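One file, entry.tsv, carrying TSV, C-alpha atoms and all ligand atoms:
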chain	number	residue	atom	x	y	z
A	1493	MET	CA	13.15	3.00	11.11
A	1494	ILE	CA	13.82	1.29	7.82
A	1495	LYS	CA	16.13	3.21	5.52
A	1496	ILE	CA	16.79	2.07	1.97
A	1497	THR	CA	19.22	4.08	-0.12
A	1498	ASN	CA	20.03	3.73	-3.84
A	1499	LEU	CA	19.11	0.08	-3.81
A	1500	ASN	CA	19.69	-1.95	-6.99
A	1501	LYS	CA	18.86	-5.58	-7.64
A	1502	THR	CA	19.30	-7.40	-10.94
A	1503	TYR	CA	18.29	-10.96	-11.74
A	1504	ARG	CA	20.46	-12.61	-14.37
A	1505	SER	CA	18.63	-15.01	-16.63
A	1506	LYS	CA	19.21	-16.70	-19.98
A	1507	THR	CA	16.86	-14.27	-21.69
A	1508	GLY	CA	18.71	-11.25	-20.27
A	1509	ASP	CA	19.05	-9.23	-17.12
A	1510	VAL	CA	15.97	-8.12	-15.21
A	1511	TYR	CA	16.42	-4.87	-13.28
A	1512	ALA	CA	13.94	-5.61	-10.50
A	1513	ALA	CA	14.95	-2.68	-8.26
A	1514	LYS	CA	16.47	0.48	-9.70
A	1515	ASN	CA	17.98	3.07	-7.44
A	1516	VAL	CA	15.24	2.80	-4.83
A	1517	THR	CA	15.46	5.24	-1.94
A	1518	LEU	CA	12.83	5.36	0.77
A	1519	SER	CA	12.48	5.48	4.51
A	1520	ILE	CA	9.77	4.01	6.68
A	1521	ASN	CA	9.14	5.46	10.13
A	1522	ASP	CA	8.63	3.45	13.29
A	1523	GLY	CA	5.00	2.62	13.94
A	1524	GLU	CA	3.63	3.60	10.54
A	1525	ILE	CA	1.78	1.54	7.96
A	1526	TYR	CA	3.68	2.05	4.73
A	1527	GLY	CA	2.15	0.85	1.46
A	1528	ILE	CA	4.00	-0.18	-1.69
A	1529	ILE	CA	1.74	-0.39	-4.71
A	1530	GLY	CA	2.49	-1.50	-8.26
A	1531	TYR	CA	1.35	-3.89	-10.95
A	1532	SER	CA	2.64	-7.44	-11.14
A	1533	GLY	CA	6.35	-7.50	-11.98
A	1534	ALA	CA	6.98	-3.93	-10.72
A	1535	GLY	CA	9.58	-5.15	-8.21
A	1536	LYS	CA	7.57	-4.93	-4.99
A	1537	SER	CA	8.39	-8.41	-3.68
A	1538	THR	CA	12.03	-7.98	-4.60
A	1539	LEU	CA	12.23	-4.73	-2.68
A	1540	VAL	CA	10.53	-6.05	0.42
A	1541	ARG	CA	12.58	-9.28	0.37
A	1542	CYS	CA	15.72	-7.15	0.39
A	1543	ILE	CA	14.63	-5.66	3.73
A	1544	ASN	CA	15.18	-9.00	5.51
A	1545	LEU	CA	17.90	-10.07	3.05
A	1546	LEU	CA	15.90	-12.95	1.55
A	1547	GLU	CA	17.28	-11.28	-1.58
A	1548	VAL	CA	20.74	-9.78	-1.48
A	1549	PRO	CA	20.93	-6.49	-3.39
A	1550	ASP	CA	23.66	-5.64	-5.93
A	1551	SER	CA	24.31	-2.24	-4.40
A	1552	GLY	CA	22.88	0.37	-2.05
A	1553	THR	CA	22.29	0.37	1.68
A	1554	ILE	CA	19.67	-1.16	3.95
A	1555	GLU	CA	19.30	-0.09	7.53
A	1556	VAL	CA	16.71	-1.52	9.92
A	1557	ASN	CA	16.31	-0.19	13.46
A	1558	GLY	CA	19.70	1.49	13.37
A	1559	GLN	CA	21.55	-1.62	12.20
A	1560	THR	CA	23.13	-1.66	8.74
A	1561	LEU	CA	22.19	-4.99	7.13
A	1562	PHE	CA	23.68	-4.25	3.73
A	1563	ASP	CA	26.10	-1.63	2.50
A	1564	SER	CA	28.08	-1.22	-0.69
A	1565	SER	CA	30.80	1.04	-1.97
A	1566	VAL	CA	32.87	1.31	-5.11
A	1567	GLY	CA	36.46	0.12	-4.64
A	1568	ASP	CA	39.65	1.53	-6.21
A	1569	ASP	CA	39.28	-0.97	-9.04
A	1570	GLY	CA	35.82	0.44	-9.89
A	1571	LYS	CA	34.06	-2.69	-8.68
A	1572	ILE	CA	31.23	-2.69	-6.17
A	1573	LYS	CA	32.20	-4.04	-2.77
A	1574	ALA	CA	29.29	-5.15	-0.64
A	1575	SER	CA	29.16	-5.97	3.05
A	1576	VAL	CA	26.25	-8.12	4.19
A	1577	VAL	CA	25.22	-9.06	7.72
A	1578	LYS	CA	25.61	-12.82	8.17
A	1579	GLY	CA	25.25	-15.68	10.65
A	1580	LYS	CA	24.03	-14.96	14.14
A	1581	LYS	CA	23.61	-11.24	13.48
A	1582	LEU	CA	21.43	-11.95	10.44
A	1583	SER	CA	19.25	-14.42	12.39
A	1584	GLU	CA	18.86	-11.85	15.13
A	1585	ALA	CA	17.95	-9.10	12.65
A	1586	ARG	CA	15.42	-11.42	10.97
A	1587	ARG	CA	13.76	-12.13	14.30
A	1588	GLY	CA	12.95	-8.45	14.44
A	1589	ILE	CA	11.22	-8.57	11.04
A	1590	GLY	CA	8.14	-10.79	10.62
A	1591	MET	CA	6.69	-11.60	7.21
A	1592	ILE	CA	3.37	-12.80	5.79
A	1593	PHE	CA	2.56	-13.95	2.26
A	1594	GLN	CA	-0.32	-14.35	-0.16
A	1595	HIS	CA	-0.42	-18.14	0.20
A	1596	PHE	CA	0.11	-18.23	3.99
A	1597	ASN	CA	3.01	-20.78	3.83
A	1598	LEU	CA	1.68	-22.84	6.75
A	1599	LEU	CA	2.84	-26.36	7.65
A	1600	ASP	CA	-0.13	-28.46	6.53
A	1601	ARG	CA	0.68	-31.43	8.77
A	1602	SER	CA	1.01	-29.33	11.91
A	1603	THR	CA	-1.77	-27.93	14.07
A	1604	VAL	CA	-2.41	-24.23	14.42
A	1605	PHE	CA	-0.60	-24.35	17.78
A	1606	ASP	CA	2.50	-26.01	16.29
A	1607	ASN	CA	2.56	-23.64	13.32
A	1608	VAL	CA	2.68	-20.65	15.65
A	1609	ALA	CA	5.14	-22.37	18.02
A	1610	TYR	CA	7.51	-23.24	15.16
A	1611	PRO	CA	9.69	-20.10	15.17
A	1612	LEU	CA	10.01	-20.30	18.98
A	1613	LYS	CA	11.30	-23.87	19.03
A	1614	TYR	CA	14.83	-23.07	17.97
A	1615	CYS	CA	15.44	-20.12	20.25
A	1616	GLY	CA	16.13	-22.12	23.43
A	1617	ILE	CA	12.79	-21.15	24.98
A	1618	LYS	CA	11.25	-23.49	27.57
A	1619	LYS	CA	8.18	-25.54	26.63
A	1620	GLU	CA	5.86	-23.84	29.15
A	1621	GLU	CA	6.99	-20.45	27.97
A	1622	ILE	CA	6.31	-21.40	24.33
A	1623	SER	CA	2.87	-22.64	25.32
A	1624	SER	CA	1.91	-19.43	27.08
A	1625	ARG	CA	3.31	-17.29	24.26
A	1626	VAL	CA	1.35	-19.24	21.61
A	1627	THR	CA	-1.83	-18.93	23.69
A	1628	GLU	CA	-1.26	-15.19	23.94
A	1629	LEU	CA	-0.64	-14.91	20.17
A	1630	LEU	CA	-3.73	-16.92	19.22
A	1631	ASP	CA	-5.76	-14.72	21.52
A	1632	LEU	CA	-4.28	-11.64	19.82
A	1633	VAL	CA	-5.42	-12.81	16.37
A	1634	GLY	CA	-8.78	-14.14	17.61
A	1635	LEU	CA	-8.13	-17.86	17.06
A	1636	SER	CA	-7.99	-19.26	20.61
A	1637	ASP	CA	-10.62	-21.89	19.79
A	1638	LYS	CA	-8.67	-23.23	16.79
A	1639	LYS	CA	-5.40	-24.22	18.40
A	1640	ASP	CA	-5.82	-27.94	17.69
A	1641	ALA	CA	-7.18	-27.50	14.14
A	1642	TYR	CA	-5.15	-28.22	11.02
A	1643	PRO	CA	-4.75	-25.61	8.25
A	1644	SER	CA	-7.04	-27.60	5.90
A	1645	GLN	CA	-9.86	-27.09	8.42
A	1646	LEU	CA	-9.55	-23.29	8.30
A	1647	SER	CA	-10.88	-20.58	5.99
A	1648	GLY	CA	-8.44	-18.38	4.07
A	1649	GLY	CA	-8.86	-15.52	6.55
A	1650	GLN	CA	-8.20	-17.87	9.49
A	1651	LYS	CA	-5.10	-19.26	7.78
A	1652	GLN	CA	-3.76	-15.74	7.38
A	1653	ARG	CA	-4.45	-15.10	11.08
A	1654	VAL	CA	-2.32	-18.13	11.93
A	1655	ALA	CA	0.42	-16.80	9.66
A	1656	ILE	CA	0.21	-13.40	11.38
A	1657	ALA	CA	0.46	-15.02	14.84
A	1658	ARG	CA	3.51	-17.00	13.67
A	1659	ALA	CA	5.12	-13.90	12.17
A	1660	LEU	CA	4.70	-12.09	15.50
A	1661	ALA	CA	6.02	-14.96	17.66
A	1662	ASN	CA	9.44	-13.39	18.20
A	1663	ARG	CA	7.97	-9.95	18.97
A	1664	PRO	CA	9.27	-8.27	15.81
A	1665	SER	CA	9.08	-4.49	15.47
A	1666	VAL	CA	8.42	-4.76	11.73
A	1667	LEU	CA	5.90	-6.84	9.78
A	1668	LEU	CA	6.34	-7.24	6.02
A	1669	SER	CA	3.10	-8.13	4.26
A	1670	ASP	CA	3.44	-9.32	0.66
A	1671	GLU	CA	-0.01	-9.39	-0.97
A	1672	ALA	CA	-1.36	-10.94	2.24
A	1673	THR	CA	-5.00	-10.38	1.29
A	1674	SER	CA	-4.77	-11.14	-2.44
A	1675	ALA	CA	-6.12	-14.69	-2.06
A	1676	LEU	CA	-8.99	-13.66	0.24
A	1677	ASP	CA	-12.60	-12.69	-0.42
A	1678	PRO	CA	-13.67	-9.09	0.36
A	1679	ASP	CA	-14.99	-9.89	3.86
A	1680	ALA	CA	-11.84	-11.76	4.91
A	1681	THR	CA	-9.72	-8.99	3.36
A	1682	GLU	CA	-11.52	-6.41	5.45
A	1683	SER	CA	-11.11	-8.40	8.66
A	1684	ILE	CA	-7.38	-9.00	8.05
A	1685	LEU	CA	-6.87	-5.30	7.32
A	1686	SER	CA	-8.60	-4.32	10.54
A	1687	LEU	CA	-6.50	-6.86	12.44
A	1688	LEU	CA	-3.32	-5.34	10.95
A	1689	LYS	CA	-4.52	-1.88	11.93
A	1690	GLU	CA	-5.26	-3.09	15.45
A	1691	LEU	CA	-1.81	-4.70	15.77
A	1692	ASN	CA	-0.23	-1.50	14.49
A	1693	HIS	CA	-1.99	0.49	17.25
A	1694	LYS	CA	-1.70	-2.05	20.06
A	1695	LEU	CA	1.91	-3.14	19.55
A	1696	GLY	CA	3.29	-0.10	17.74
A	1697	LEU	CA	4.14	-2.51	14.95
A	1698	THR	CA	5.64	-0.99	11.79
A	1699	ILE	CA	3.92	-2.55	8.78
A	1700	VAL	CA	5.22	-2.57	5.22
A	1701	LEU	CA	2.29	-3.56	3.08
A	1702	ILE	CA	2.63	-4.60	-0.54
A	1703	THR	CA	-0.42	-4.71	-2.78
A	1704	HIS	CA	-1.65	-4.10	-6.32
A	1705	GLU	CA	-4.99	-2.79	-5.02
A	1706	MET	CA	-5.54	0.89	-4.38
A	1707	SER	CA	-8.55	0.19	-2.16
A	1708	ILE	CA	-6.20	-1.48	0.35
A	1709	ILE	CA	-3.73	1.40	0.29
A	1710	LYS	CA	-6.65	3.74	0.87
A	1711	THR	CA	-8.06	1.83	3.82
A	1712	ILE	CA	-4.97	1.33	5.90
A	1713	THR	CA	-1.75	3.11	4.94
A	1714	ASP	CA	-0.27	6.34	6.28
A	1715	ARG	CA	2.23	6.74	3.45
A	1716	VAL	CA	2.70	5.07	0.10
A	1717	ALA	CA	5.28	4.43	-2.60
A	1718	VAL	CA	4.22	3.68	-6.17
A	1719	MET	CA	6.48	1.30	-8.10
A	1720	GLU	CA	6.80	0.76	-11.84
A	1721	ASP	CA	9.51	-1.24	-13.64
A	1722	GLY	CA	11.69	-1.49	-10.55
A	1723	GLU	CA	11.53	2.22	-9.78
A	1724	VAL	CA	9.69	4.18	-7.13
A	1725	VAL	CA	7.92	6.76	-9.31
A	1726	GLU	CA	6.06	8.58	-6.56
A	1727	GLN	CA	5.92	8.51	-2.76
A	1728	GLY	CA	4.39	10.52	0.03
A	1729	ASP	CA	1.48	10.79	2.46
A	1730	THR	CA	-1.30	8.57	1.13
A	1731	TYR	CA	-3.74	11.48	1.27
A	1732	ASP	CA	-1.47	13.76	-0.76
A	1733	VAL	CA	-0.69	11.09	-3.34
A	1734	PHE	CA	-4.40	10.35	-3.62
A	1735	SER	CA	-5.54	13.94	-3.90
A	1736	LYS	CA	-2.76	15.12	-6.23
A	1737	PRO	CA	-1.36	12.14	-8.14
A	1738	ARG	CA	1.47	13.13	-10.49
A	1739	ALA	CA	2.72	10.03	-12.32
A	1740	ASP	CA	0.42	8.50	-14.96
A	1741	ILE	CA	0.48	5.14	-13.23
A	1742	THR	CA	-0.54	6.75	-9.92
A	1743	LYS	CA	-3.49	8.42	-11.66
A	1744	LYS	CA	-4.47	5.03	-13.01
A	1745	PHE	CA	-4.36	3.48	-9.55
A	1746	VAL	CA	-6.32	6.36	-8.03
A	1747	ASN	CA	-8.99	6.09	-10.73
A	1748	SER	CA	-9.20	2.33	-10.32
A	1749	ALA	CA	-10.60	2.80	-6.83
A	1750	SER	CA	-13.03	5.53	-7.81
A	1751	ALA	CA	-16.40	5.94	-9.57
A	1752	LEU	CA	-14.56	8.44	-11.78
A	1753	SER	CA	-12.93	5.51	-13.57
A	1754	LYS	CA	-16.13	5.46	-15.64
A	1755	LEU	CA	-15.40	8.91	-17.06
A	1756	ASP	CA	-13.55	7.77	-20.20
A	1757	GLU	CA	-16.27	5.28	-21.00
A	1758	LEU	CA	-18.91	7.92	-20.45
A	1759	LEU	CA	-17.16	10.44	-22.68
A	1760	GLU	CA	-16.78	7.86	-25.42
A	1761	ASN	CA	-20.50	7.14	-25.47
A	1762	ASP	CA	-21.93	10.57	-24.83
A	1763	GLU	CA	-21.51	13.17	-27.51
A	1764	PHE	CA	-23.20	15.84	-25.45
A	1765	LEU	CA	-20.53	15.54	-22.78
A	1766	ARG	CA	-17.64	15.10	-25.19
A	1767	ASN	CA	-18.25	18.29	-27.13
A	1768	ALA	CA	-17.56	21.09	-24.74
A	1769	LYS	CA	-19.21	24.13	-26.29
A	1770	LYS	CA	-19.46	27.79	-25.70
A	1771	ASN	CA	-21.46	28.47	-22.52
A	1772	ARG	CA	-20.84	24.94	-21.27
A	1773	ARG	CA	-17.84	23.21	-19.73
A	1774	LEU	CA	-17.20	19.76	-18.39
A	1775	ILE	CA	-15.23	20.16	-15.19
A	1776	ARG	CA	-13.61	17.90	-12.64
A	1777	LEU	CA	-13.61	19.22	-9.08
A	1778	THR	CA	-11.54	17.91	-6.23
A	1779	PHE	CA	-12.62	18.64	-2.67
A	1780	ASP	CA	-9.92	17.99	-0.12
A	1781	LYS	CA	-10.21	17.98	3.66
A	1782	ASN	CA	-10.37	21.81	3.72
A	1783	SER	CA	-13.37	22.07	1.41
A	1784	VAL	CA	-15.16	18.75	1.49
A	1785	GLY	CA	-18.17	19.63	3.66
A	1786	ASP	CA	-18.81	23.09	2.19
A	1787	ALA	CA	-21.93	23.95	0.21
A	1788	VAL	CA	-19.81	25.22	-2.67
A	1789	ILE	CA	-21.99	24.05	-5.55
A	1790	SER	CA	-25.26	25.64	-4.42
A	1791	GLU	CA	-23.37	28.81	-3.59
A	1792	LEU	CA	-22.00	28.80	-7.12
A	1793	SER	CA	-25.47	28.75	-8.72
A	1794	ARG	CA	-26.65	31.55	-6.44
A	1795	LYS	CA	-23.69	33.84	-6.89
A	1796	PHE	CA	-22.87	33.50	-10.58
A	1797	SER	CA	-26.08	32.53	-12.40
A	1798	VAL	CA	-24.67	29.29	-13.68
A	1799	ASN	CA	-26.23	25.84	-13.57
A	1800	VAL	CA	-24.18	22.95	-12.31
A	1801	SER	CA	-25.27	19.38	-13.04
A	1802	ILE	CA	-23.45	16.42	-11.58
A	1803	VAL	CA	-22.25	13.70	-13.96
A	1804	LEU	CA	-20.12	11.52	-11.67
A	1805	ALA	CA	-19.24	11.73	-7.99
A	1806	ASN	CA	-16.92	9.84	-5.66
A	1807	VAL	CA	-16.04	10.19	-2.02
A	1808	ASP	CA	-13.04	8.41	-0.53
A	1809	ILE	CA	-12.51	8.00	3.17
A	1810	LEU	CA	-8.77	7.81	3.85
A	1811	GLN	CA	-6.79	7.51	7.07
A	1812	ALA	CA	-6.07	11.25	7.05
A	1813	GLY	CA	-9.52	12.50	6.02
A	1814	THR	CA	-12.18	12.61	3.32
A	1815	LEU	CA	-11.56	13.34	-0.35
A	1816	GLY	CA	-14.35	14.17	-2.79
A	1817	ASN	CA	-14.31	14.18	-6.59
A	1818	LEU	CA	-17.04	15.53	-8.82
A	1819	VAL	CA	-17.39	15.62	-12.58
A	1820	SER	CA	-20.01	18.19	-13.55
A	1821	VAL	CA	-21.30	20.25	-16.44
A	1822	ILE	CA	-21.41	23.96	-15.80
A	1823	ASP	CA	-23.75	26.08	-17.98
A	1824	GLY	CA	-23.98	29.84	-18.21
A	1825	ARG	CA	-22.61	32.99	-19.84
A	1826	GLU	CA	-18.91	32.80	-20.57
A	1827	ASP	CA	-17.95	35.51	-18.07
A	1828	ASP	CA	-20.14	33.89	-15.38
A	1829	ILE	CA	-18.47	30.51	-15.97
A	1830	GLU	CA	-15.01	32.09	-15.72
A	1831	ALA	CA	-15.94	33.92	-12.52
A	1832	ALA	CA	-17.47	30.75	-11.05
A	1833	LEU	CA	-14.36	28.67	-11.78
A	1834	ASP	CA	-12.23	31.42	-10.29
A	1835	HIS	CA	-14.36	31.37	-7.16
A	1836	LEU	CA	-13.99	27.58	-6.83
A	1837	CYS	CA	-10.21	27.90	-6.90
A	1838	LYS	CA	-10.43	30.48	-4.09
A	1839	CYS	CA	-12.50	28.01	-2.01
A	1840	SER	CA	-9.58	25.54	-2.21
A	1841	VAL	CA	-11.45	23.33	-4.63
A	1842	GLY	CA	-9.24	21.75	-7.32
A	1843	VAL	CA	-10.61	22.64	-10.78
A	1844	GLU	CA	-9.76	20.92	-14.03
A	1845	VAL	CA	-11.59	21.66	-17.29
A	1846	ILE	CA	-11.93	18.40	-19.21
B	1	LIG	N1	14.32	-15.18	-8.86
B	1	LIG	C1	14.12	-14.46	-9.97
B	1	LIG	N2	14.83	-14.71	-11.11
B	1	LIG	C2	14.64	-13.98	-12.22
B	1	LIG	N3	13.79	-12.95	-12.31
B	1	LIG	C3	13.05	-12.66	-11.23
B	1	LIG	C4	13.17	-13.40	-10.01
B	1	LIG	N4	12.32	-12.88	-9.10
B	1	LIG	C5	11.68	-11.87	-9.72
B	1	LIG	N5	12.12	-11.73	-11.00
B	1	LIG	C6	11.68	-10.70	-11.97
B	1	LIG	O1	11.89	-9.43	-11.37
B	1	LIG	C7	10.82	-8.54	-11.68
B	1	LIG	C8	10.19	-8.05	-10.39
B	1	LIG	O2	9.55	-9.14	-9.76
B	1	LIG	P1	8.81	-9.03	-8.36
B	1	LIG	O3	9.72	-8.34	-7.41
B	1	LIG	O4	8.34	-10.37	-8.01
B	1	LIG	O5	7.60	-8.06	-8.72
B	1	LIG	P2	6.19	-7.86	-8.01
B	1	LIG	O6	6.27	-8.40	-6.64
B	1	LIG	O7	5.95	-6.38	-8.06
B	1	LIG	O8	5.19	-8.59	-8.85
B	1	LIG	C9	9.88	-9.32	-12.60
B	1	LIG	O9	10.18	-9.00	-13.91
B	1	LIG	C10	10.21	-10.76	-12.27
B	1	LIG	O10	9.94	-11.58	-13.38
B	2	MG	MG	5.13	-9.89	-5.72
So that I can check it, write out the structure of this file as structure tokens.
Amino acid sequence: MIKITNLNKTYRSKTGDVYAAKNVTLSINDGEIYGIIGYSGAGKSTLVRCINLLEVPDSGTIEVNGQTLFDSSVGDDGKIKASVVKGKKLSEARRGIGMIFQHFNLLDRSTVFDNVAYPLKYCGIKKEEISSRVTELLDLVGLSDKKDAYPSQLSGGQKQRVAIARALANRPSVLLSDEATSALDPDATESILSLLKELNHKLGLTIVLITHEMSIIKTITDRVAVMEDGEVVEQGDTYDVFSKPRADITKKFVNSASALSKLDELLENDEFLRNAKKNRRLIRLTFDKNSVGDAVISELSRKFSVNVSIVLANVDILQAGTLGNLVSVIDGREDDIEAALDHLCKCSVGVEVI
């Protein structure tokens, strides 16, 4: 388990202080894929680099697998006193936490084999043992045939596979992934995400995945935290955050991965839709896993003599289930419309009149 409590990190610069992490509290369970999403500059990298102490926080606590890596308290003089794990204990803790990056950070002059062997070379492991471990790791990431290649001879996706193999060399329980697919094309992104998912299942690896793309959060994460200006503004099960986003920035992220993002544009250009009139409403319906397969719309027309026409529709397939969104126009007598909307609510369909 990774437990971060009241974490603060400030960068001092000539142009002023940057509060990159503000009072961040979150916990990540063993074996889960935990997403951290935010725009550039939100503080995601800072937060994740605090987990392995590549950045040392100003205050707060960091606990990884039961070991306290950083802890602070306020002394009698009112000043913050911090205790940080150092030396051998820090190296040991870091061996338990692998990390991958957007630009792979491979050694260009070394072969794939040597890149993966690199973290094993300074642990007093015998040559034959290193060789068999590297072979095993390359097999795990599907690159057995590339062991003698150099990074320049590999595609982006293959380079990231090498980086993943290297990050796993010391059998860490945690993998930190900082925008690991941001430099890859959609196909390579998909294959790296399925590899991460496979490693999560096979090895029980805990993965902390940073991204600015909601589609990635949607595909792979169990839980998610949304960051803005150094703060975690929302966190929870990915499905819950997706189906009932609260913070404005979360709504923006959710819409960015949905056909419903076209709604504003549509409203701007379509007077008929924009002017909700008597006997007509523009509604947004949310079907969660309890209602998604039901024939609610046709039932509505039959029961309440209203007409429902679909304007926009989107279905998301998340780890925890399917989520449907529908923007429709509902026509009919006022009392029929009210009764129909009431009925939808009873069928556990989320209803919002736009
Ligand atoms: N070493 C540094 N020195 C000064 N400011 C920094 C440093 N690293 C990051 N920052 C600033 O901290 C904020 C958070 O950065 P970062 O954690 O990299 O965000 P993200 O990964 O979400 O893009 C940004 O405003 C960034 O400019
Ligand atoms: Mg970053």
Chain A near ligand MG 2 (chain B) within 9 Å: what's each residue's closest atom pair and its distance in Å to one decimal, counting all atoms listed in the file, ordered by chain then ascending residue number, as CSV?
residue,atom,partner,partner_atom,distance
A:Tyr1531,CA,B:MG2,MG,8.8
A:Ser1532,CA,B:MG2,MG,6.4
A:Gly1533,CA,B:MG2,MG,6.8
A:Ala1534,CA,B:MG2,MG,8.0
A:Gly1535,CA,B:MG2,MG,7.0
A:Lys1536,CA,B:MG2,MG,5.6
A:Ser1537,CA,B:MG2,MG,4.1
A:Thr1538,CA,B:MG2,MG,7.2
A:Gln1594,CA,B:MG2,MG,9.0
A:Asp1670,CA,B:MG2,MG,6.6
A:Glu1671,CA,B:MG2,MG,7.0
A:Ile1702,CA,B:MG2,MG,7.8
A:Thr1703,CA,B:MG2,MG,8.1
A:His1704,CA,B:MG2,MG,8.9
Of the residues A:Ser1753, A:Thr1560, A:Thr1517, A:Ser1583, which is the one nearest to Tyr1614 in chain A, using only C-alpha atoms?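 So, comparing all the options, the nearest one is A:Ser1583.
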For CA of Leu1518 in chain A and CA of Ala1585 in chain A, the interatomic separation in Å (one decimal):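 According to the coordinates, CA of Leu1518 in chain A and CA of Ala1585 in chain A are separated by 19.4 Å.
With only the atoms specified (only C-alpha atoms) counting, those residues at most 9 Å away from (-14.2, 12.3, 2.6) are Phe1779, Asp1780, Lys1781, Val1784, Gly1785, Val1807, Asp1808, Ile1809, Leu1810, Gly1813, Thr1814, Leu1815 and Gly1816 of chain A.
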Same residues, C-alpha atoms, output as a PDB file, in the frame of the given file:
ATOM      1  CA  PHE A1779     -12.620  18.640  -2.670  1.00  0.00           C
ATOM      2  CA  ASP A1780      -9.920  17.990  -0.120  1.00  0.00           C
ATOM      3  CA  LYS A1781     -10.210  17.980   3.660  1.00  0.00           C
ATOM      4  CA  VAL A1784     -15.160  18.750   1.490  1.00  0.00           C
ATOM      5  CA  GLY A1785     -18.170  19.630   3.660  1.00  0.00           C
ATOM      6  CA  VAL A1807     -16.040  10.190  -2.020  1.00  0.00           C
ATOM      7  CA  ASP A1808     -13.040   8.410  -0.530  1.00  0.00           C
ATOM      8  CA  ILE A1809     -12.510   8.000   3.170  1.00  0.00           C
ATOM      9  CA  LEU A1810      -8.770   7.810   3.850  1.00  0.00           C
ATOM     10  CA  GLY A1813      -9.520  12.500   6.020  1.00  0.00           C
ATOM     11  CA  THR A1814     -12.180  12.610   3.320  1.00  0.00           C
ATOM     12  CA  LEU A1815     -11.560  13.340  -0.350  1.00  0.00           C
ATOM     13  CA  GLY A1816     -14.350  14.170  -2.790  1.00  0.00           C
TER      14      GLY A1816
END
Record the distance separating CA of Ser1797 in chain A and CA of Val1843 in chain A, expressed in Å with one decimal. 18.4 Å
